[in-house]
Amino acid sequence: QVHLVESGGGSVQSGGSLRLSCAASGYTYRTYYMGWFRQAPGKEREGVAASDSGSNTRYADSVKGRFTISQDNAKRTLYLQMNSLKPEDTAMYYCAATLAPVLGPRKLAPEWYNYWGQGTQVTVSS
């Protein structure tokens, strides 16, 4: 069982930055895929950024050039650095993981992930 805990959300003004963290525990080390997803009120959950345990990453078009996903394997922590935030980035952000290979566009598809954190709220004001 994989346990994920997000932190780092908050309220910022447009153009500001936040860094989200996701601490993972409860599993034996092996190859895994992790991602950040978000869900705004009244909208479906969408993929933001994803990474495997190597260097392969994938980003939603809406965040390319502004968000960066990274991970510290020693700390078992996934990060999402968010710069140049916009009001439309306002959402609940979730960390997710799967132990099954997730390739290509599937990296940003929520249905391919088995384990989810409780979420952290990000609010960007104009």
# chains A, B, ... in the order shown; residues from 1 in each chain; ligands from 1
call {"tool": "residues_around", "arguments": {"residues": "A:Gly47", "least_positions_apart": "5", "cutoff": "7 Å", "atoms": "only C-alpha atoms", "output": "list in words"}}
result
Trp36, Phe37, Arg38, Ala60, Leu108, Ala109 and Pro110 of chain A
call {"tool": "closest_residue", "arguments": {"among": "A:Met92, A:Val2, A:Met34, A:Ala23", "to": "A:Arg58", "atoms": "only C-alpha atoms"}}
result
A:Met34
call {"tool": "closest_residue", "arguments": {"among": "A:Lys64, A:Lys75, A:Leu80, A:Glu44", "to": "A:Leu18", "atoms": "only C-alpha atoms"}}
result
A:Leu80
call {"tool": "select_by_dssp", "arguments": {"residues": "stretch 63-116 of chain A", "states": "helix (DSSP H, G or I)", "output": "list in words"}}
result
Pro87, Glu88, Asp89, Gly104, Pro105, Arg106, Lys107, Leu108, Pro110, Glu111 and Trp112 of chain A
call {"tool": "select_by_dssp", "arguments": {"residues": "stretch 24-123 of chain A", "states": "strand (DSSP E)", "output": "ChimeraX atom specification"}}
result
/A:24-25,33-39,46-52,57-59,67-72,77-82,91-98,115-116,120-123
call {"tool": "closest_residue", "arguments": {"among": "A:Leu85, A:Cys95, A:Leu78, A:Ile69", "to": "A:Gly15", "atoms": "only C-alpha atoms"}}
result
A:Leu85
call {"tool": "closest_residue", "arguments": {"among": "A:Gln71, A:Gln121, A:Thr77, A:Thr57", "to": "A:Leu103", "atoms": "only C-alpha atoms"}}
result
A:Thr57
